[in-house]
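**Q** Just one file: work_27.cif, with mmCIF, C-alpha atoms and all ligand atoms.
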```
data_target
loop_
_atom_site.label_atom_id
_atom_site.label_comp_id
_atom_site.auth_asym_id
_atom_site.auth_seq_id
_atom_site.Cartn_x
_atom_site.Cartn_y
_atom_site.Cartn_z
CA MET A 1 36.17 255.02 18.18
CA PHE A 2 33.78 252.23 19.17
CA ASP A 3 35.14 249.86 21.83
CA LEU A 4 33.05 246.71 21.55
CA HIS A 5 34.66 244.50 24.18
CA VAL A 6 34.39 245.66 27.79
CA HIS A 7 34.02 243.85 31.12
CA SER A 8 32.48 245.30 34.30
CA THR A 9 32.07 244.17 37.91
CA ALA A 10 29.11 242.11 36.67
CA SER A 11 31.79 239.60 35.63
CA ASP A 12 35.47 240.05 36.36
CA GLY A 13 36.08 243.73 35.59
CA LEU A 14 37.07 246.29 38.19
CA LEU A 15 34.67 249.11 37.25
CA THR A 16 30.90 249.11 37.59
CA PRO A 17 28.79 249.47 34.42
CA GLU A 18 28.06 253.08 35.43
CA GLU A 19 31.76 253.87 35.93
CA ILE A 20 32.55 252.40 32.52
CA LEU A 21 29.96 254.55 30.75
CA LYS A 22 31.13 257.65 32.59
CA LYS A 23 34.73 256.95 31.61
CA ALA A 24 33.81 256.14 28.01
CA GLN A 25 31.99 259.47 27.71
CA GLU A 26 34.90 261.33 29.34
CA ILE A 27 37.52 259.97 26.96
CA GLY A 28 35.26 260.72 24.01
CA LEU A 29 34.37 257.28 22.70
CA SER A 30 31.57 257.16 20.13
CA GLY A 31 30.22 253.91 21.52
CA ILE A 32 30.85 250.94 23.75
CA ALA A 33 29.49 247.43 24.15
CA LEU A 34 29.30 245.85 27.58
CA THR A 35 30.36 242.23 27.09
CA ASP A 36 30.58 240.57 30.48
CA HIS A 37 31.48 236.88 30.67
CA ASP A 38 28.39 234.67 30.76
CA THR A 39 26.17 237.31 32.34
CA VAL A 40 23.90 240.19 31.33
CA SER A 41 23.41 241.42 34.90
CA GLY A 42 25.25 244.70 34.25
CA ILE A 43 23.16 245.79 31.29
CA GLU A 44 20.15 247.17 33.13
CA ALA A 45 22.33 249.45 35.28
CA ALA A 46 24.26 250.62 32.23
CA LYS A 47 21.07 251.40 30.31
CA LYS A 48 19.64 253.29 33.24
CA TYR A 49 22.78 255.39 33.64
CA TRP A 50 22.89 256.01 29.89
CA THR A 51 19.30 257.28 29.89
CA GLU A 52 19.53 259.32 33.08
CA HIS A 53 22.72 261.09 32.01
CA LYS A 54 21.54 261.55 28.42
CA LEU A 55 24.86 260.22 27.13
CA SER A 56 25.64 260.88 23.50
CA LEU A 57 27.71 257.75 22.88
CA ASP A 58 26.08 254.57 21.60
CA PHE A 59 25.55 251.79 24.09
CA ILE A 60 25.35 248.22 22.82
CA PRO A 61 24.09 245.49 25.15
CA GLY A 62 26.33 242.46 24.77
CA ILE A 63 27.83 239.35 26.27
CA GLU A 64 30.95 237.19 25.92
CA MET A 65 30.22 233.50 26.26
CA ASN A 66 32.92 231.02 27.23
CA THR A 67 32.65 227.87 25.18
CA GLU A 68 34.91 224.92 24.59
CA VAL A 69 35.94 222.83 21.59
CA ASP A 70 37.93 219.76 22.64
CA GLU A 71 39.19 221.50 25.78
CA THR A 72 40.17 224.63 23.86
CA GLU A 73 38.49 227.85 24.97
CA VAL A 74 36.51 229.61 22.28
CA HIS A 75 34.85 232.89 23.22
CA ILE A 76 31.72 234.04 21.41
CA LEU A 77 30.61 237.65 21.63
CA GLY A 78 26.94 238.57 21.26
CA TYR A 79 25.85 242.09 20.27
CA TYR A 80 22.44 243.74 20.64
CA ILE A 81 21.11 240.86 22.67
CA ASP A 82 17.79 241.19 24.44
CA HIS A 83 19.02 240.94 28.02
CA GLN A 84 15.55 239.97 29.18
CA ASN A 85 15.19 236.99 26.85
CA THR A 86 13.93 234.09 28.98
CA ARG A 87 15.81 231.34 27.20
CA LEU A 88 19.06 233.30 27.53
CA LEU A 89 18.46 234.07 31.20
CA ASN A 90 17.63 230.43 32.01
CA LYS A 91 20.80 229.21 30.35
CA LEU A 92 22.93 231.82 32.09
CA GLU A 93 21.42 230.80 35.42
CA GLU A 94 22.29 227.18 34.68
CA ILE A 95 25.89 228.14 33.85
CA LYS A 96 26.14 230.22 37.01
CA GLU A 97 24.85 227.37 39.17
CA ALA A 98 27.28 224.96 37.55
CA ARG A 99 30.16 227.34 38.29
CA LEU A 100 29.11 227.63 41.94
CA GLU A 101 28.94 223.88 42.25
CA ARG A 102 32.34 223.51 40.61
CA ALA A 103 33.90 226.09 42.95
CA ARG A 104 32.46 224.21 45.93
CA LYS A 105 34.01 220.99 44.68
CA MET A 106 37.39 222.61 44.16
CA VAL A 107 37.33 224.16 47.64
CA TYR A 108 36.42 220.76 49.06
CA ARG A 109 39.39 219.18 47.29
CA LEU A 110 41.73 221.85 48.60
CA LYS A 111 40.38 221.34 52.11
CA SER A 112 40.96 217.62 51.94
CA MET A 113 44.55 218.43 50.96
CA GLY A 114 44.89 220.45 54.16
CA LEU A 115 44.49 223.91 52.59
CA ALA A 116 41.96 225.78 54.70
CA VAL A 117 40.25 227.99 52.14
CA THR A 118 36.49 228.36 52.52
CA PHE A 119 33.73 228.71 49.97
CA GLU A 120 32.58 231.89 51.74
CA GLN A 121 36.01 233.41 51.22
CA VAL A 122 36.00 232.54 47.52
CA GLU A 123 32.45 233.84 47.12
CA LYS A 124 33.41 237.14 48.69
CA LEU A 125 36.35 237.53 46.28
CA ALA A 126 34.04 237.01 43.33
CA ARG A 127 32.31 240.36 43.44
CA GLY A 128 30.21 239.88 40.36
CA ASP A 129 28.06 237.16 38.97
CA LEU A 130 30.86 234.91 37.85
CA ILE A 131 32.82 232.68 40.16
CA GLY A 132 35.95 231.09 38.74
CA ARG A 133 39.40 229.70 39.33
CA PRO A 134 41.02 233.16 39.58
CA HIS A 135 38.99 233.73 42.76
CA ILE A 136 40.09 230.41 44.23
CA ALA A 137 43.68 231.30 43.34
CA GLN A 138 43.23 234.63 45.08
CA ALA A 139 41.93 232.88 48.20
CA LEU A 140 44.96 230.59 48.24
CA THR A 141 47.22 233.63 47.93
CA GLU A 142 45.39 235.49 50.72
CA LYS A 143 45.82 232.54 53.04
CA GLY A 144 49.52 232.41 52.23
CA TYR A 145 49.50 228.93 50.72
CA VAL A 146 51.02 230.28 47.51
CA PHE A 147 52.91 233.44 46.61
CA SER A 148 51.07 234.17 43.40
CA ILE A 149 48.00 233.41 41.33
CA LYS A 150 50.29 231.71 38.85
CA GLU A 151 51.67 229.41 41.53
CA ALA A 152 48.14 228.51 42.62
CA PHE A 153 47.36 227.38 39.08
CA GLU A 154 50.63 225.52 38.69
CA LYS A 155 50.36 223.68 41.99
CA TYR A 156 46.67 223.17 42.61
CA ILE A 157 43.98 224.36 40.25
CA GLY A 158 45.49 224.31 36.75
CA LYS A 159 44.33 221.62 34.38
CA GLY A 160 45.63 218.24 35.54
CA ARG A 161 46.50 219.54 39.01
CA PRO A 162 44.97 217.86 42.09
CA ALA A 163 42.20 220.34 42.89
CA TYR A 164 41.16 220.91 39.27
CA VAL A 165 37.55 220.27 38.36
CA PRO A 166 36.48 220.73 34.71
CA ARG A 167 34.00 223.37 33.77
CA TYR A 168 30.43 222.97 32.59
CA LYS A 169 30.60 222.01 28.91
CA PHE A 170 29.19 224.63 26.62
CA LEU A 171 29.72 224.45 22.86
CA PRO A 172 30.21 227.36 20.42
CA GLN A 173 27.14 226.28 18.44
CA ASP A 174 25.02 226.48 21.61
CA ALA A 175 26.27 230.00 22.31
CA ILE A 176 25.66 231.06 18.70
CA GLN A 177 22.09 229.72 18.77
CA LEU A 178 21.36 231.26 22.14
CA ILE A 179 22.64 234.68 21.05
CA LYS A 180 20.70 234.57 17.78
CA ARG A 181 17.50 233.54 19.52
CA ALA A 182 17.94 236.46 21.90
CA GLY A 183 18.05 238.76 18.87
CA GLY A 184 21.82 239.17 19.01
CA ILE A 185 24.68 239.00 16.53
CA PRO A 186 27.23 236.26 17.29
CA VAL A 187 30.89 237.18 16.69
CA LEU A 188 34.04 235.12 17.22
CA ALA A 189 36.10 236.85 19.93
CA HIS A 190 39.88 237.40 19.59
CA PRO A 191 40.59 234.77 16.90
CA GLY A 192 44.29 235.49 17.39
CA LEU A 193 44.22 233.83 20.79
CA LEU A 194 43.04 230.53 19.38
CA PRO A 195 45.75 227.85 19.32
CA LYS A 196 44.63 226.52 15.93
CA ARG A 197 43.57 228.50 12.87
CA GLU A 198 41.12 225.78 11.84
CA LEU A 199 38.95 226.87 14.75
CA ILE A 200 38.23 230.13 12.92
CA GLN A 201 36.87 228.23 9.92
CA GLU A 202 34.91 226.01 12.28
CA ALA A 203 33.29 229.01 13.96
CA ILE A 204 32.37 230.46 10.56
CA ASN A 205 30.79 227.15 9.57
CA LEU A 206 28.83 227.17 12.82
CA GLY A 207 27.35 230.55 11.93
CA VAL A 208 29.18 233.44 13.55
CA ALA A 209 28.23 236.62 11.71
CA GLY A 210 31.53 238.36 12.36
CA LEU A 211 35.11 238.28 13.61
CA GLU A 212 36.70 240.41 16.29
CA VAL A 213 39.42 241.62 13.97
CA TYR A 214 40.82 244.41 16.14
CA TYR A 215 42.14 243.28 19.50
CA PRO A 216 45.11 244.52 21.57
CA GLU A 217 47.07 241.31 21.16
CA HIS A 218 46.54 240.91 17.41
CA THR A 219 49.52 241.61 15.16
CA HIS A 220 49.21 243.63 11.95
CA GLU A 221 49.55 240.39 10.01
CA GLN A 222 46.68 238.81 11.94
CA VAL A 223 44.49 241.86 11.45
CA ASP A 224 45.16 241.75 7.68
CA GLU A 225 44.40 238.04 7.56
CA TYR A 226 41.13 238.42 9.47
CA LEU A 227 40.08 241.34 7.27
CA ARG A 228 40.67 239.10 4.27
CA ILE A 229 38.57 236.34 5.82
CA CYS A 230 35.77 238.82 6.58
CA ARG A 231 35.75 239.99 2.96
CA GLU A 232 35.76 236.45 1.63
CA TYR A 233 32.90 235.20 3.82
CA HIS A 234 30.98 238.49 4.06
CA LEU A 235 31.46 238.72 7.80
CA LEU A 236 31.07 241.71 10.06
CA ILE A 237 34.21 243.33 11.49
CA THR A 238 34.32 244.15 15.19
CA GLY A 239 36.99 245.10 17.69
CA GLY A 240 37.59 246.13 21.25
CA SER A 241 39.99 246.48 24.13
CA ASP A 242 38.81 243.64 26.41
CA PHE A 243 39.00 246.27 29.14
CA HIS A 244 38.90 244.79 32.64
CA GLY A 245 39.88 247.91 34.62
CA ILE A 246 43.01 249.89 35.37
CA GLY A 247 45.54 247.74 37.10
CA SER A 248 44.40 244.51 35.53
CA GLU A 249 46.59 242.81 32.94
CA GLU A 250 48.46 245.37 30.84
CA SER A 251 46.85 244.93 27.43
CA ARG A 252 43.41 244.86 28.98
CA SER A 253 43.76 247.98 31.07
CA ARG A 254 42.99 250.77 28.61
CA LEU A 255 39.42 251.48 27.68
CA GLY A 256 39.15 252.45 24.03
CA CYS A 257 42.72 251.48 23.12
CA THR A 258 41.32 249.25 20.37
CA GLY A 259 38.03 249.26 18.51
CA ILE A 260 36.36 250.04 15.22
CA ASP A 261 35.61 253.24 13.35
CA GLN A 262 32.27 254.83 12.51
CA GLU A 263 31.91 253.19 9.07
CA THR A 264 32.65 249.68 10.38
CA TYR A 265 30.26 250.22 13.25
CA ARG A 266 27.59 251.41 10.84
CA GLN A 267 27.71 248.04 9.12
CA LEU A 268 27.21 246.17 12.38
CA TYR A 269 24.31 248.45 13.25
CA ALA A 270 22.78 248.07 9.78
CA TYR A 271 22.97 244.29 10.11
CA HIS A 272 21.18 244.53 13.44
CA GLN A 273 18.51 246.78 11.93
CA ARG A 274 17.95 244.37 9.03
CA GLN A 275 17.31 241.57 11.50
CA HIS A 276 14.70 243.62 13.28
CA ILE A 277 12.50 244.95 10.52
CA PRO A 278 9.50 246.50 12.31
CA SER A 279 6.27 244.84 11.20
P1 LIG A 301 37.69 229.28 34.87
O1 LIG A 301 36.83 229.86 33.80
O2 LIG A 301 37.07 229.37 36.22
O3 LIG A 301 38.19 227.90 34.53
O4 LIG A 301 39.00 230.21 34.94
C1 LIG A 301 39.72 230.49 33.78
C2 LIG A 301 40.53 231.76 33.99
O5 LIG A 301 41.64 231.50 34.87
C3 LIG A 301 41.16 232.26 32.72
O6 LIG A 301 40.31 233.15 32.04
C4 LIG A 301 42.40 232.97 33.21
O7 LIG A 301 42.09 234.32 33.51
C5 LIG A 301 42.75 232.28 34.49
N1 LIG A 301 43.90 231.38 34.31
C6 LIG A 301 43.94 230.19 33.67
N2 LIG A 301 45.16 229.63 33.75
C7 LIG A 301 45.94 230.49 34.46
C8 LIG A 301 47.31 230.49 34.89
N3 LIG A 301 48.13 229.50 34.60
N4 LIG A 301 47.75 231.55 35.61
C9 LIG A 301 46.93 232.57 35.90
N5 LIG A 301 45.62 232.63 35.53
C10 LIG A 301 45.14 231.62 34.82
ZN ZN A 302 37.48 238.50 31.85
FE FE A 303 37.68 236.44 25.86
FE FE A 304 36.80 239.44 27.28
#
```
Starting from the coordinates I provided, produce the structure as structure tokens.
**A**
Amino acid sequence: MFDLHVHSTASDGLLTPEEILKKAQEIGLSGIALTDHDTVSGIEAAKKYWTEHKLSLDFIPGIEMNTEVDETEVHILGYYIDHQNTRLLNKLEEIKEARLERARKMVYRLKSMGLAVTFEQVEKLARGDLIGRPHIAQALTEKGYVFSIKEAFEKYIGKGRPAYVPRYKFLPQDAIQLIKRAGGIPVLAHPGLLPKRELIQEAINLGVAGLEVYYPEHTHEQVDEYLRICREYHLLITGGSDFHGIGSEESRSRLGCTGIDQETYRQLYAYHQRQHIPS
């Protein structure tokens, strides 16, 4: 089994890249891709651990980029990216800065509403590279202003609520270009979570090379439909657990619970090889 959708502490996962590789090896996975949200900062550590411990499983450097189409979230996965690509790193830095600035603004709004959360508190809760609304929600919970993360979103930081500030606008086509230029393969993440099916066609038109067919929340019917689409448009098939660590949301708490088999993986790898014909 190849689990090609995994988050570490570099974004919002609970395990470090090293812990993930160790666990993947222990449970006998054939390969994993590290796909942190909008960051590649975990890849170096993962590679180092992989080399030092002479792991037999395949390790694929990856990323999951958050993009938006008319306020709808569209996630684009990138496989075999060069995590040292300057253009990619510059863009990721820009996104990170924009997120910091947005968090500051949201904290400021909360403060002016009389809710004494601080930016330092929020920053501390965001252990990785990615600061987001979940961390602000956590801060509000810690301070006792709300009973749950859900309540924090409903009352204060959800879309249309008083402390909400929109995110930096990043389009799927920008993510696709960026991933390709960093030598990666762009894949549409969890199509089943999209509110409109037309968005799948749109992503294909924009140039994704594959679909994440296998995903914990996809039904058998969805999987069959996506397999059909992949055949029709000659797209790569990928899959993964969206693992975020034990104790995180149920469907995302089991490493290797979903993924692809050896033959499907071989096709992804072959595609990657074709793109990098040694001169
Ligand atoms: P951000 O990218 O900073 O806007 O945060 C988006 C994240 O907040 C999503 O990926 C969800 O994990 C979380 N989120 C969004 N809406 C809610 C909600 N109503 N309740 C709990 N978590 C939410
Ligand atoms: Zn996540
Ligand atoms: Fe996602
Ligand atoms: Fe994910």
**Q** Considering only C-alpha atoms, state which residue in the set A:Leu140, A:Asp242, A:Val40, A:Arg274 is at the smallest distance from Asn90 of chain A.
**A**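 Ranking A:Leu140, A:Asp242, A:Val40, A:Arg274 by distance to Asn90 of chain A, first place goes to A:Val40.
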**Q** What is the atom CA of Pro172 of chain A-atom O4 of ligand LIG 301 (chain A) distance in Å, reported with one decimal?
**A**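 Pair atom CA of Pro172 of chain A / atom O4 of ligand LIG 301 (chain A) returns 17.2 Å.
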**Q** Please compute the atom CA of Ile32 of chain A-atom CA of Pro17 of chain A distance, one decimal, in Å.
**A**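 It comes out at 11.0 Å.
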**Q** Residues within 9 Å of Leu130 of chain A, please, as a compact mmCIF listing (two decimals) with C-alpha atoms, in the coordinates of the input. Count all atoms listed in the file; anything in the same chain fewer than 4 positions from it doesn't count.
**A**
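Once written, selection.txt looks like this:
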```txt
# COMPACT_ATOMS: atom_id res chain seq x y z
CA ALA A 10 29.11 242.11 36.67
CA SER A 11 31.79 239.60 35.63
CA ASP A 12 35.47 240.05 36.36
CA HIS A 37 31.48 236.88 30.67
CA ASP A 38 28.39 234.67 30.76
CA THR A 39 26.17 237.31 32.34
CA LYS A 96 26.14 230.22 37.01
CA ARG A 99 30.16 227.34 38.29
CA LEU A 100 29.11 227.63 41.94
CA ALA A 126 34.04 237.01 43.33
```
**Q** Report the distance between atom CA of Asp82 of chain A and atom CA of Ala182 of chain A in Å, rounded to one decimal place.
**A**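 Between these atoms lies a distance of 5.4 Å.
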**Q** Could you check which of A:Asp174, A:Glu68, A:Asp129, A:Glu52 is closest to Glu97 of chain A, using only C-alpha atoms?
**A** A:Asp129
